[in-house]
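Undergrad: The structure file query17.txt (compact mmCIF, C-alpha atoms) is provided below.
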# COMPACT_ATOMS: atom_id res chain seq x y z
CA MET A 1329 54.58 -16.14 48.69
CA SER A 1330 52.66 -19.37 49.29
CA GLN A 1331 49.69 -17.71 51.02
CA PRO A 1332 48.67 -15.53 48.04
CA ARG A 1333 49.07 -18.53 45.75
CA ASP A 1334 46.93 -20.72 48.01
CA ALA A 1335 44.24 -18.03 48.16
CA LEU A 1336 44.24 -17.71 44.38
CA LYS A 1337 44.02 -21.49 44.01
CA GLN A 1338 41.06 -21.67 46.40
CA ARG A 1339 39.24 -18.86 44.56
CA LEU A 1340 39.70 -20.54 41.17
CA LEU A 1341 38.46 -23.86 42.56
CA GLN A 1342 35.41 -22.15 44.04
CA GLU A 1343 34.59 -20.46 40.69
CA ALA A 1344 34.95 -23.80 38.88
CA ARG A 1345 32.54 -25.47 41.31
CA GLN A 1346 30.02 -22.67 40.80
CA ARG A 1347 30.24 -23.01 37.01
CA ARG A 1348 29.66 -26.77 37.23
CA GLN A 1349 26.59 -26.18 39.39
CA GLN A 1350 25.13 -23.87 36.73
CA ARG A 1351 25.58 -26.40 33.89
CA PRO A 1352 23.10 -29.13 33.03
CA GLU A 1353 23.87 -32.46 34.65
CA GLY A 1354 26.44 -34.37 32.68
CA ASP A 1355 27.69 -31.28 30.76
CA THR A 1356 31.45 -31.25 31.27
CA ALA A 1357 32.44 -29.46 28.08
CA PRO A 1358 34.83 -26.54 28.61
CA ARG A 1359 33.35 -23.05 28.32
CA PRO A 1360 35.04 -20.40 26.16
CA ALA A 1361 36.44 -17.35 27.85
CA ALA A 1362 34.18 -14.28 27.98
CA THR A 1363 34.51 -12.04 24.92
CA SER A 1364 36.08 -8.64 25.48
CA VAL A 1365 34.56 -5.93 23.24
CA ASP A 1366 35.00 -2.17 23.23
CA GLU A 1367 31.92 -0.62 24.85
CA ARG A 1368 31.46 1.60 21.79
CA PHE A 1369 30.02 -1.48 20.13
CA THR A 1370 27.79 -2.67 22.97
CA ARG A 1371 26.06 0.51 24.19
CA PHE A 1372 23.38 2.42 22.28
CA ASP A 1373 24.49 5.73 23.80
CA ARG A 1374 27.91 5.20 22.14
CA HIS A 1375 26.41 4.50 18.72
CA PRO A 1376 27.48 7.13 16.11
CA GLY A 1377 23.84 7.93 15.35
CA TYR A 1378 23.04 8.77 18.95
CA GLN A 1379 26.25 10.76 19.28
CA GLN A 1380 25.27 12.80 16.23
CA LEU A 1381 21.80 13.41 17.64
CA LYS A 1382 23.26 14.46 20.99
CA MET A 1383 25.64 16.89 19.29
CA MET A 1384 22.80 18.43 17.25
CA ARG A 1385 20.68 18.93 20.36
CA GLU A 1386 23.52 20.45 22.34
CA GLY A 1387 24.32 22.80 19.47
CA GLY A 1388 20.70 23.93 19.21
CA LYS A 1389 20.54 24.48 22.97
CA ARG A 1390 23.68 26.66 22.91
CA LEU A 1391 22.18 28.75 20.11
CA GLY A 1392 18.80 29.00 21.81
CA ILE A 1393 17.04 27.15 18.97
CA PRO A 1394 14.45 24.52 20.00
CA ASP A 1395 14.31 21.15 18.23
CA PRO A 1396 12.29 21.92 15.06
CA PHE A 1397 11.10 18.32 14.63
CA PHE A 1398 8.18 16.28 15.97
CA LYS A 1399 5.83 19.22 16.43
CA VAL A 1400 2.48 17.95 17.67
CA HIS A 1401 -0.48 18.95 15.46
CA GLU A 1402 -3.68 19.02 17.47
CA SER A 1403 -6.07 19.28 14.52
CA THR A 1404 -6.32 18.42 10.85
CA ALA A 1405 -3.24 19.82 9.13
CA GLY A 1406 -4.32 21.77 6.07
CA ALA A 1407 -3.75 25.43 5.23
CA THR A 1408 -3.94 25.95 8.99
CA THR A 1409 -3.23 23.71 11.95
CA VAL A 1410 -3.21 23.88 15.75
CA ILE A 1411 0.15 23.59 17.55
CA GLY A 1412 0.44 24.15 21.28
CA GLY A 1413 -3.18 25.28 21.41
CA ARG A 1414 -2.58 28.07 18.85
CA GLU A 1415 -3.90 28.17 15.30
CA CYS A 1416 -1.04 28.52 12.84
CA ILE A 1417 -0.74 29.09 9.12
CA ASN A 1418 0.63 25.75 8.01
CA PHE A 1419 3.22 25.10 5.28
CA ALA A 1420 4.45 21.74 6.51
CA SER A 1421 1.91 19.16 5.31
CA TYR A 1422 1.34 17.33 2.03
CA ASN A 1423 -2.44 17.71 2.15
CA TYR A 1424 -2.22 19.66 -1.11
CA LEU A 1425 -5.89 19.58 -2.13
CA GLY A 1426 -7.27 19.68 1.40
CA LEU A 1427 -8.87 16.26 1.00
CA ALA A 1428 -7.71 14.79 4.32
CA HIS A 1429 -10.60 16.59 6.02
CA HIS A 1430 -13.11 16.47 3.14
CA PRO A 1431 -16.49 15.12 4.38
CA ARG A 1432 -16.72 12.48 1.63
CA VAL A 1433 -13.21 11.24 2.33
CA ILE A 1434 -13.79 11.01 6.07
CA GLN A 1435 -17.13 9.26 5.59
CA ALA A 1436 -15.50 6.72 3.28
CA GLY A 1437 -13.13 5.80 6.08
CA ILE A 1438 -15.97 5.47 8.59
CA ASP A 1439 -18.00 3.29 6.23
CA ALA A 1440 -15.04 0.99 5.49
CA LEU A 1441 -14.20 0.70 9.19
CA GLU A 1442 -17.74 -0.27 10.08
CA ARG A 1443 -18.00 -2.81 7.26
CA TYR A 1444 -14.59 -4.51 7.46
CA GLY A 1445 -13.30 -3.77 10.96
CA SER A 1446 -10.10 -2.08 12.05
CA SER A 1447 -7.69 -4.61 10.51
CA VAL A 1448 -7.77 -7.22 7.76
CA SER A 1449 -5.62 -9.29 10.16
CA ALA A 1450 -3.48 -11.10 7.58
CA SER A 1451 -1.40 -10.63 4.48
CA ARG A 1452 -3.55 -10.32 1.40
CA PRO A 1453 -2.38 -13.58 -0.27
CA VAL A 1454 -3.38 -15.51 2.86
CA SER A 1455 -6.73 -14.11 3.99
CA GLY A 1456 -6.41 -10.33 4.09
CA GLU A 1457 -7.96 -9.61 0.70
CA ARG A 1458 -11.03 -7.33 0.70
CA PRO A 1459 -13.15 -5.93 -2.16
CA ILE A 1460 -12.06 -2.40 -1.33
CA HIS A 1461 -8.45 -3.29 -2.17
CA HIS A 1462 -9.49 -4.25 -5.70
CA GLU A 1463 -11.62 -1.12 -6.07
CA LEU A 1464 -8.72 1.11 -5.09
CA GLU A 1465 -6.20 -0.63 -7.33
CA ARG A 1466 -8.60 -0.63 -10.27
CA ALA A 1467 -9.23 3.10 -9.80
CA ILE A 1468 -5.48 3.82 -9.71
CA ALA A 1469 -4.85 1.76 -12.86
CA GLU A 1470 -7.72 3.48 -14.70
CA THR A 1471 -6.46 6.92 -13.66
CA TYR A 1472 -2.99 6.08 -14.98
CA GLU A 1473 -4.44 4.41 -18.09
CA VAL A 1474 -2.40 1.25 -17.50
CA GLU A 1475 -3.36 -2.41 -17.09
CA ALA A 1476 -3.03 -2.89 -13.35
CA ALA A 1477 -1.90 -1.52 -10.00
CA VAL A 1478 -1.02 -2.92 -6.58
CA ALA A 1479 -1.19 -1.08 -3.22
CA PHE A 1480 1.36 -1.54 -0.43
CA VAL A 1481 0.87 -0.57 3.23
CA SER A 1482 3.92 1.74 3.21
CA GLY A 1483 5.12 4.25 0.63
CA HIS A 1484 8.77 3.79 1.59
CA ALA A 1485 8.40 0.00 1.51
CA THR A 1486 6.82 0.23 -1.95
CA ASN A 1487 10.11 1.34 -3.48
CA VAL A 1488 12.29 -0.81 -1.23
CA SER A 1489 10.34 -3.98 -1.92
CA THR A 1490 9.72 -3.39 -5.63
CA LEU A 1491 13.33 -2.60 -6.49
CA GLY A 1492 14.66 -5.17 -4.04
CA TYR A 1493 12.65 -7.86 -5.81
CA LEU A 1494 13.02 -6.83 -9.46
CA LEU A 1495 16.80 -6.42 -9.48
CA GLY A 1496 19.75 -8.65 -8.65
CA PRO A 1497 23.57 -8.65 -8.62
CA LYS A 1498 23.80 -8.72 -12.43
CA ASP A 1499 21.61 -5.62 -12.81
CA LEU A 1500 22.10 -1.85 -12.66
CA LEU A 1501 20.03 0.92 -11.07
CA LEU A 1502 20.63 4.49 -12.22
CA HIS A 1503 18.96 7.31 -10.33
CA ASP A 1504 18.84 11.07 -10.01
CA GLU A 1505 21.27 12.26 -7.33
CA TYR A 1506 18.33 13.78 -5.40
CA ILE A 1507 16.29 10.57 -5.39
CA HIS A 1508 14.37 9.56 -2.27
CA ASN A 1509 16.02 7.33 0.33
CA SER A 1510 13.56 4.51 -0.42
CA THR A 1511 15.07 4.00 -3.87
CA VAL A 1512 18.59 3.87 -2.47
CA VAL A 1513 17.59 1.32 0.17
CA GLY A 1514 15.78 -0.76 -2.46
CA ALA A 1515 18.90 -0.84 -4.60
CA GLN A 1516 21.02 -1.88 -1.61
CA LEU A 1517 18.60 -4.69 -0.79
CA SER A 1518 18.64 -5.98 -4.37
CA GLY A 1519 22.41 -6.28 -4.60
CA ALA A 1520 22.36 -4.46 -7.94
CA ARG A 1521 25.05 -1.98 -8.92
CA ARG A 1522 23.89 1.56 -8.19
CA MET A 1523 25.00 4.80 -9.83
CA SER A 1524 23.62 8.33 -9.60
CA PHE A 1525 23.58 11.05 -12.24
CA SER A 1526 23.40 14.84 -11.93
CA HIS A 1527 20.03 16.22 -10.93
CA ASN A 1528 17.53 16.43 -13.81
CA ASP A 1529 20.36 15.88 -16.30
CA PRO A 1530 19.40 13.49 -19.13
CA VAL A 1531 22.80 13.98 -20.80
CA ALA A 1532 24.55 12.67 -17.68
CA LEU A 1533 22.20 9.68 -17.65
CA GLU A 1534 22.88 8.88 -21.29
CA THR A 1535 26.62 9.06 -20.70
CA LEU A 1536 26.32 6.42 -17.97
CA LEU A 1537 24.10 4.20 -20.10
CA ALA A 1538 26.42 4.41 -23.11
CA ARG A 1539 29.34 3.42 -20.91
CA HIS A 1540 27.77 0.71 -18.75
CA ARG A 1541 24.56 -0.68 -20.30
CA ARG A 1542 26.16 -3.69 -22.00
CA GLN A 1543 27.80 -4.85 -18.75
CA PHE A 1544 24.45 -5.59 -17.09
CA GLU A 1545 21.30 -7.58 -17.71
CA ARG A 1546 18.39 -5.47 -16.46
CA VAL A 1547 18.73 -1.72 -16.02
CA ILE A 1548 16.24 0.54 -14.22
CA VAL A 1549 16.36 4.34 -14.32
CA VAL A 1550 14.55 6.00 -11.40
CA ILE A 1551 13.49 9.65 -11.32
CA GLU A 1552 10.86 11.61 -9.42
CA GLY A 1553 7.91 13.54 -10.78
CA LEU A 1554 8.25 16.50 -8.42
CA TYR A 1555 11.29 16.75 -6.18
CA SER A 1556 10.13 17.66 -2.70
CA MET A 1557 13.34 19.40 -1.64
CA ASP A 1558 13.45 21.73 -4.64
CA GLY A 1559 9.99 21.79 -6.18
CA ASP A 1560 11.37 21.12 -9.66
CA ALA A 1561 10.54 18.46 -12.25
CA PRO A 1562 12.39 16.46 -14.93
CA ASP A 1563 11.90 16.61 -18.69
CA LEU A 1564 10.08 13.28 -18.94
CA LYS A 1565 10.19 13.14 -22.76
CA ARG A 1566 13.99 13.24 -22.77
CA PHE A 1567 14.23 10.47 -20.19
CA VAL A 1568 11.79 8.31 -22.14
CA GLU A 1569 13.80 8.75 -25.34
CA ILE A 1570 17.02 7.80 -23.58
CA LYS A 1571 15.64 4.72 -21.81
CA GLN A 1572 14.13 3.48 -25.09
CA ARG A 1573 17.38 3.97 -26.97
CA HIS A 1574 19.35 2.00 -24.39
CA GLN A 1575 16.67 -0.62 -23.65
CA ALA A 1576 16.25 0.19 -19.97
CA TRP A 1577 13.20 0.37 -17.73
CA LEU A 1578 12.06 3.79 -16.51
CA MET A 1579 10.47 4.19 -13.08
CA VAL A 1580 8.88 7.48 -11.98
CA ASP A 1581 8.27 8.15 -8.29
CA GLU A 1582 5.15 10.32 -8.19
CA ALA A 1583 4.92 10.73 -4.42
CA HIS A 1584 4.52 14.50 -4.77
CA SER A 1585 3.54 14.94 -8.42
CA PHE A 1586 0.39 12.82 -8.76
CA ALA A 1587 -2.84 14.79 -8.16
CA VAL A 1588 -0.74 17.97 -8.18
CA MET A 1589 0.84 18.41 -11.62
CA GLY A 1590 -1.07 18.80 -14.88
CA ASP A 1591 -4.43 20.43 -15.62
CA ARG A 1592 -6.32 17.39 -14.27
CA GLY A 1593 -3.79 16.38 -11.65
CA LEU A 1594 -2.65 13.33 -13.60
CA GLY A 1595 0.95 13.99 -12.68
CA LEU A 1596 4.19 14.24 -14.60
CA ARG A 1597 2.90 12.47 -17.73
CA GLU A 1598 0.15 15.07 -18.17
CA TYR A 1599 2.50 17.95 -17.34
CA CYS A 1600 5.00 16.73 -19.97
CA ASP A 1601 2.41 15.34 -22.44
CA VAL A 1602 3.80 11.79 -22.40
CA ALA A 1603 1.78 8.59 -22.85
CA SER A 1604 1.47 6.61 -19.61
CA THR A 1605 2.70 3.42 -21.31
CA ASP A 1606 6.00 5.12 -22.19
CA VAL A 1607 6.96 4.71 -18.54
CA ASP A 1608 7.49 1.14 -17.35
CA ILE A 1609 6.85 1.59 -13.63
CA TRP A 1610 4.69 4.28 -12.04
CA MET A 1611 5.06 4.61 -8.29
CA GLY A 1612 3.12 6.87 -5.96
CA THR A 1613 2.00 7.31 -2.37
CA LEU A 1614 -1.44 7.37 -0.82
CA SER A 1615 -0.41 9.54 2.13
CA LYS A 1616 -0.32 12.93 0.44
CA THR A 1617 -3.14 14.22 -1.77
CA LEU A 1618 -4.87 10.83 -1.63
CA SER A 1619 -5.30 11.24 2.13
CA GLY A 1620 -4.51 7.69 3.26
CA CYS A 1621 -1.29 5.81 3.93
CA GLY A 1622 0.80 3.46 1.81
CA GLY A 1623 2.05 3.35 -1.75
CA TYR A 1624 1.27 1.84 -5.12
CA ILE A 1625 2.87 0.53 -8.29
CA ALA A 1626 1.04 0.89 -11.59
CA GLY A 1627 2.01 -0.57 -14.95
CA CYS A 1628 1.58 -3.65 -17.09
CA ARG A 1629 -0.25 -6.71 -15.78
CA GLU A 1630 2.85 -8.90 -15.69
CA LEU A 1631 4.72 -6.43 -13.47
CA VAL A 1632 1.86 -6.13 -11.01
CA GLU A 1633 1.22 -9.88 -10.86
CA MET A 1634 4.87 -10.54 -10.03
CA LEU A 1635 4.82 -8.02 -7.21
CA ARG A 1636 1.57 -9.38 -5.79
CA TYR A 1637 3.03 -12.88 -5.53
CA PHE A 1638 6.71 -12.25 -4.80
CA ALA A 1639 7.53 -8.73 -3.51
CA PRO A 1640 8.37 -9.25 0.19
CA GLY A 1641 6.84 -5.95 1.32
CA PHE A 1642 3.51 -7.08 -0.10
CA LEU A 1643 3.63 -10.84 0.29
CA TYR A 1644 4.74 -10.88 3.93
CA SER A 1645 2.99 -7.73 5.16
CA VAL A 1646 -0.52 -7.39 6.54
CA GLY A 1647 -3.01 -6.02 4.01
CA MET A 1648 -3.92 -2.36 4.01
CA PRO A 1649 -6.68 -1.61 6.56
CA ALA A 1650 -10.00 -0.92 4.86
CA GLN A 1651 -10.37 2.45 6.60
CA VAL A 1652 -7.09 3.50 4.93
CA ALA A 1653 -8.00 2.25 1.46
CA GLY A 1654 -11.49 3.80 1.59
CA PRO A 1655 -10.40 7.45 1.98
CA SER A 1656 -7.82 7.14 -0.81
CA LEU A 1657 -10.46 5.69 -3.13
CA ALA A 1658 -12.82 8.54 -2.25
CA ALA A 1659 -10.06 11.14 -2.66
CA LEU A 1660 -9.45 9.94 -6.22
CA GLN A 1661 -13.09 10.56 -7.03
CA VAL A 1662 -13.32 13.92 -5.25
CA MET A 1663 -10.22 15.07 -7.12
CA LYS A 1664 -12.10 14.45 -10.40
CA ASP A 1665 -15.43 15.85 -9.16
CA GLU A 1666 -13.97 19.08 -7.77
CA PRO A 1667 -11.30 20.26 -10.25
CA GLU A 1668 -11.47 23.76 -8.77
CA ARG A 1669 -9.32 22.52 -5.88
CA LEU A 1670 -6.42 21.84 -8.23
CA LYS A 1671 -6.88 25.19 -9.93
CA ARG A 1672 -6.74 26.96 -6.56
CA LEU A 1673 -3.57 25.06 -5.67
CA HIS A 1674 -1.91 26.08 -8.93
CA ASP A 1675 -2.99 29.71 -8.50
CA ILE A 1676 -1.77 30.06 -4.91
CA SER A 1677 1.49 28.24 -5.71
CA ARG A 1678 2.25 30.67 -8.53
CA TYR A 1679 1.37 33.60 -6.29
CA PHE A 1680 3.75 32.41 -3.57
CA LEU A 1681 6.54 31.91 -6.12
CA GLU A 1682 6.02 35.36 -7.67
CA GLN A 1683 5.87 37.20 -4.33
CA ALA A 1684 8.93 35.37 -3.00
CA ARG A 1685 10.88 36.38 -6.09
CA LEU A 1686 9.74 40.01 -5.77
CA LYS A 1687 11.18 40.09 -2.26
CA GLY A 1688 14.47 38.73 -3.54
CA PHE A 1689 14.25 35.31 -1.92
CA ASP A 1690 16.20 32.44 -3.52
CA ILE A 1691 13.59 29.88 -4.58
CA GLY A 1692 16.05 27.72 -6.52
CA GLU A 1693 14.62 25.89 -9.54
CA SER A 1694 11.07 25.48 -8.23
CA ILE A 1695 8.42 25.40 -10.94
CA GLY A 1696 5.87 26.80 -8.51
CA VAL A 1697 3.59 23.80 -8.12
CA ALA A 1698 2.82 22.91 -4.48
CA VAL A 1699 6.47 22.95 -3.32
CA VAL A 1700 8.57 26.11 -3.05
CA PRO A 1701 11.82 26.25 -1.06
CA ILE A 1702 13.39 29.45 0.19
CA ILE A 1703 17.12 28.81 0.39
CA VAL A 1704 18.83 30.61 3.27
CA GLY A 1705 22.30 29.04 3.05
CA SER A 1706 22.86 28.07 6.70
CA SER A 1707 21.38 25.37 8.89
CA VAL A 1708 21.56 27.64 11.95
CA LEU A 1709 19.75 30.42 10.11
CA ALA A 1710 17.12 28.04 8.71
CA ALA A 1711 16.37 26.57 12.15
CA GLY A 1712 16.31 30.02 13.72
CA LEU A 1713 13.92 31.43 11.12
CA SER A 1714 11.62 28.43 11.46
CA ASP A 1715 11.41 28.99 15.21
CA ALA A 1716 10.86 32.73 14.77
CA LEU A 1717 8.03 32.13 12.30
CA LEU A 1718 6.39 29.73 14.74
CA GLN A 1719 6.39 32.51 17.34
CA HIS A 1720 4.26 34.42 14.81
CA ASP A 1721 1.96 31.38 14.40
CA ILE A 1722 3.43 30.32 11.07
CA ASN A 1723 4.56 26.70 10.77
CA VAL A 1724 7.23 25.90 8.19
CA GLN A 1725 9.86 23.17 8.43
CA PRO A 1726 13.60 23.85 8.04
CA ILE A 1727 15.66 21.47 5.93
CA LEU A 1728 19.13 21.24 7.40
CA HIS A 1729 22.49 19.65 6.67
CA PRO A 1730 23.05 16.74 6.01
CA ALA A 1731 19.62 16.38 4.34
CA VAL A 1732 20.89 19.08 1.95
CA PRO A 1733 24.34 20.64 1.55
CA GLU A 1734 25.02 23.25 4.26
CA LYS A 1735 25.00 26.11 1.76
CA SER A 1736 21.58 24.93 0.56
CA ALA A 1737 19.82 24.83 3.95
CA ARG A 1738 16.29 26.10 3.46
CA LEU A 1739 12.76 26.61 4.59
CA ARG A 1740 10.47 24.32 2.62
CA PHE A 1741 6.97 25.59 1.92
CA PHE A 1742 4.20 23.16 0.95
CA LEU A 1743 1.21 24.97 -0.49
CA ASN A 1744 -2.41 24.01 0.01
CA CYS A 1745 -5.41 24.87 -2.15
CA ASP A 1746 -7.01 26.61 0.86
CA HIS A 1747 -4.13 29.01 1.50
CA THR A 1748 -5.09 32.65 0.88
CA ARG A 1749 -3.08 35.48 -0.61
CA GLU A 1750 -3.33 37.30 2.72
CA GLN A 1751 -1.67 34.34 4.45
CA ILE A 1752 1.10 34.30 1.86
CA ASP A 1753 1.69 38.04 2.18
CA GLN A 1754 1.77 37.84 5.97
CA THR A 1755 4.20 34.92 5.93
CA LEU A 1756 6.66 36.51 3.51
CA GLU A 1757 6.59 39.83 5.36
CA VAL A 1758 7.34 38.16 8.70
CA LEU A 1759 10.12 36.09 7.09
CA GLU A 1760 11.67 39.19 5.53
CA THR A 1761 11.58 41.06 8.86
CA GLU A 1762 13.04 38.20 10.89
CA TRP A 1763 15.78 37.54 8.34
CA LYS A 1764 16.83 41.21 8.31
CA ALA A 1765 16.90 41.22 12.12
CA ARG A 1766 19.39 38.36 12.08
CA ALA A 1767 21.53 40.00 9.42
CA SER A 1768 21.88 43.30 11.30
Mind converting the file's structure to structure tokens?
TA:
Amino acid sequence: MSQPRDALKQRLLQEARQRRQQRPEGDTAPRPAATSVDERFTRFDRHPGYQQLKMMREGGKRLGIPDPFFKVHESTAGATTVIGGRECINFASYNYLGLAHHPRVIQAGIDALERYGSSVSASRPVSGERPIHHELERAIAETYEVEAAVAFVSGHATNVSTLGYLLGPKDLLLHDEYIHNSTVVGAQLSGARRMSFSHNDPVALETLLARHRRQFERVIVVIEGLYSMDGDAPDLKRFVEIKQRHQAWLMVDEAHSFAVMGDRGLGLREYCDVASTDVDIWMGTLSKTLSGCGGYIAGCRELVEMLRYFAPGFLYSVGMPAQVAGPSLAALQVMKDEPERLKRLHDISRYFLEQARLKGFDIGESIGVAVVPIIVGSSVLAAGLSDALLQHDINVQPILHPAVPEKSARLRFFLNCDHTREQIDQTLEVLETEWKARAS
């Protein structure tokens, strides 16, 4: 028995000498034992997110359905696009008025790039401020008929940073149950209490306010102007009445509604005939109809000044590149100079809605402005139909569980002012044929 013990003793002494050699001279402090942790918590391939992704891919492979995401567009994505070298009818981009390839918009980007360079190279409070930033923000404020606006470099970060700064643990955020992820993340960052109410249901909102308003200091209600999953819109007048009665702030996310809704494209306020000052915080993105990238907040001067000096996503982020601000500024002007683009968008959207209904497709509660879903009721069916349409050179994105409930899986069609009735007819006929083939 002594030999194994002697061998063990010698090995332990050798390990101790090696540890001493690795320590700085004079460091004789004992070292803690190595931590033992389940590998589920130390390996990225064991992370629940990667496991979910792996399961989704394996399921698609078994069903013969390719991954419907990250398609590479090899041209400007408007009413048509090029994927895999083939021109496709395109229903998967937010370029609603076709301004992302408008000559004036493109030239504005070139001019700004040549004048200011490819980056402003600092946050705007430090040394990243450029005249074009002020021109863009002034144009946004004037369009909304409010005192001021501020532009962020990211649309998602606009909501996260604004809500994360404005609210705190003693405050409450109430939002539509279909609200965008950026609002939810902003609420989480703020530490405020968060509650959701039934989709587009002002009565449900008022019930929550009547029950909880007095328990909190500041309260913000957040809704969207046009919900991109369903293509429907809220009754803004009702929400304004309720927020005024309960002394709350109202924030409207106009990512998809600005430049799309209303006779002049002024968004939800024009569509619902509500004064812009009846809404406390207007939010929108520059990446859709305005053909750039980033987001903005528009409202009273005090709100905007606070965000410019204190909102982390603005204060600590590099300023928007001039060649991004320039196209959005030009797009605002083109939108006003060429109102026929908006009229064409409204006309083709209504046509799509009407023809889809005639074929018996479930278009949910869509109002028929730019966004029309066709609900198919199964993620497998939605992914399969999307792939089948692509084989016919028609690009439309499936929306699958868990982004929506499984029974609400859908194909989501984004309309463009340059779509033609012939393209709509062709698309719906192919969809009808492919769907019937899978049902037989």
Undergrad: Please return the centre and edge lengths, in Å to one decimal, of a box with edges along x, y and z that contains all listed atoms of region 1747-1754 of chain A, widened by 5 Å on every side, as AutoDock Vina command-line options.
TA:
--center_x -1.7 --center_y 33.5 --center_z 2.7 --size_x 16.9 --size_y 19.0 --size_z 16.6
Undergrad: With all atoms listed in the file as the basis for distance, which of A:Val1549, A:Ile1460, A:Ala1737, A:Ile1417 is at the shortest distance from His1503 (chain A)?
TA: A:Val1549
Undergrad: Can you tell me which residues surround region 1562-1574 of chain A at a distance of at most 10 Å, considering all atoms listed in the file, apart from same-chain residues fewer than 2 positions away, and format the answer as an MDAnalysis selection string?
TA: chainID A and resid 1504 1527:1531 1533:1534 1537:1538 1541:1542 1547:1555 1560 1576:1578 1580 1596:1597 1599:1603 1606:1608
Undergrad: Enumerate, as a PDB file with C-alpha atoms, in the coordinates of the input, the protein, DNA and RNA residues whose atoms approach (-6.0, 13.5, -0.4) to within 7 Å, taking into account all atoms listed in the file and the coordinate frame of the file.
TA:
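Here's the written file out_3.pdb:
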ATOM      1  CA  ASN A1423      -2.440  17.710   2.150  1.00  0.00           C
ATOM      2  CA  LEU A1425      -5.890  19.580  -2.130  1.00  0.00           C
ATOM      3  CA  GLY A1426      -7.270  19.680   1.400  1.00  0.00           C
ATOM      4  CA  LEU A1427      -8.870  16.260   1.000  1.00  0.00           C
ATOM      5  CA  ALA A1428      -7.710  14.790   4.320  1.00  0.00           C
ATOM      6  CA  LYS A1616      -0.320  12.930   0.440  1.00  0.00           C
ATOM      7  CA  THR A1617      -3.140  14.220  -1.770  1.00  0.00           C
ATOM      8  CA  LEU A1618      -4.870  10.830  -1.630  1.00  0.00           C
ATOM      9  CA  SER A1619      -5.300  11.240   2.130  1.00  0.00           C
ATOM     10  CA  SER A1656      -7.820   7.140  -0.810  1.00  0.00           C
ATOM     11  CA  ALA A1659     -10.060  11.140  -2.660  1.00  0.00           C
TER      12      ALA A1659
END
Undergrad: Would you compute the distance between CA of Ser1645 (chain A) and CA of His1461 (chain A)? Give it in Å to one decimal.
TA: 14.3 Å
Undergrad: Applying 10 Å and only C-alpha atoms, which residues near Pro1459 (chain A) remain after dropping the ones on its own chain fewer than 5 positions away? List them as a list in words.
TA: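 The neighbour list is Tyr1444, Leu1464 and Ala1650 of chain A.
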Undergrad: Using all atoms listed in the file, can you tell me which of A:Ser1489, A:Ser1447, A:Gln1575, A:Ser1585 comes closest to Met1634 (chain A)?
TA: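 Nearest to Met1634 (chain A): A:Ser1489.
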Undergrad: Cys1745 (chain A): which residues within 8 Å, counting all atoms listed in the file, same-chain residues fewer than 2 positions away excluded, as number ranges by chain?
TA: A: 1407, 1424-1426, 1669-1674, 1676, 1743, 1747
Undergrad: Now that the selection is made, can you save its residues with C-alpha atoms as a PDB file, in the frame of the given file?
TA:
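Saved to again.pdb:
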ATOM      1  CA  ALA A1407      -3.750  25.430   5.230  1.00  0.00           C
ATOM      2  CA  TYR A1424      -2.220  19.660  -1.110  1.00  0.00           C
ATOM      3  CA  LEU A1425      -5.890  19.580  -2.130  1.00  0.00           C
ATOM      4  CA  GLY A1426      -7.270  19.680   1.400  1.00  0.00           C
ATOM      5  CA  ARG A1669      -9.320  22.520  -5.880  1.00  0.00           C
ATOM      6  CA  LEU A1670      -6.420  21.840  -8.230  1.00  0.00           C
ATOM      7  CA  LYS A1671      -6.880  25.190  -9.930  1.00  0.00           C
ATOM      8  CA  ARG A1672      -6.740  26.960  -6.560  1.00  0.00           C
ATOM      9  CA  LEU A1673      -3.570  25.060  -5.670  1.00  0.00           C
ATOM     10  CA  HIS A1674      -1.910  26.080  -8.930  1.00  0.00           C
ATOM     11  CA  ILE A1676      -1.770  30.060  -4.910  1.00  0.00           C
ATOM     12  CA  LEU A1743       1.210  24.970  -0.490  1.00  0.00           C
ATOM     13  CA  HIS A1747      -4.130  29.010   1.500  1.00  0.00           C
TER      14      HIS A1747
END
Undergrad: Find the residues near Leu1501 (chain A): any atom within 10 Å, counting only C-alpha atoms, skip ones fewer than 4 places away on the same chain, and give them as a PyMOL selection string.
TA: chain A and resi 1491+1495-1496+1511-1512+1514-1516+1518-1524+1544+1546-1550+1576-1577
Undergrad: For CA of Pro1701 (chain A) and CA of Met1557 (chain A), determine how far apart the two atoms are, in Å to one decimal place.
TA: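 Atom-to-atom, CA of Pro1701 (chain A) to CA of Met1557 (chain A), that is 7.0 Å.
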Undergrad: So which one's closest to Leu1517 (chain A), A:Gly1593, A:Asp1366, A:His1462, A:Pro1640? Using all atoms listed in the file, please.
TA: A:Pro1640
Undergrad: Which residues of region 1641-1750 of chain A sit at most 10 Å from region 1384-1406 of chain A, using all atoms listed in the file? Give each one's shortest atom pair and distance in Å (one decimal place), in chain and ascending residue order, as a Markdown table.
TA:
| residue | atom | partner | partner_atom | distance |
| --- | --- | --- | --- | --- |
| A:Val1708 | CA | A:Gly1388 | CA | 8.2 |
| A:Leu1709 | CA | A:Ile1393 | CA | 9.8 |
| A:Ala1711 | CA | A:Pro1396 | CA | 6.8 |
| A:Gly1712 | CA | A:Ile1393 | CA | 6.0 |
| A:Leu1713 | CA | A:Ile1393 | CA | 9.5 |
| A:Ser1714 | CA | A:Pro1396 | CA | 7.5 |
| A:Asp1715 | CA | A:Ile1393 | CA | 7.0 |
| A:Ala1716 | CA | A:Ile1393 | CA | 9.3 |
| A:Leu1718 | CA | A:Pro1396 | CA | 9.8 |
| A:Asn1723 | CA | A:Lys1399 | CA | 9.5 |
| A:Val1724 | CA | A:Pro1396 | CA | 9.4 |
| A:Gln1725 | CA | A:Pro1396 | CA | 7.2 |
| A:Pro1726 | CA | A:Pro1396 | CA | 7.4 |
| A:Ile1727 | CA | A:Pro1396 | CA | 9.7 |
| A:Leu1743 | CA | A:Gly1406 | CA | 9.2 |
| A:Asn1744 | CA | A:Gly1406 | CA | 6.7 |
| A:Cys1745 | CA | A:Gly1406 | CA | 8.9 |
| A:Asp1746 | CA | A:Gly1406 | CA | 7.6 |
| A:His1747 | CA | A:Gly1406 | CA | 8.6 |
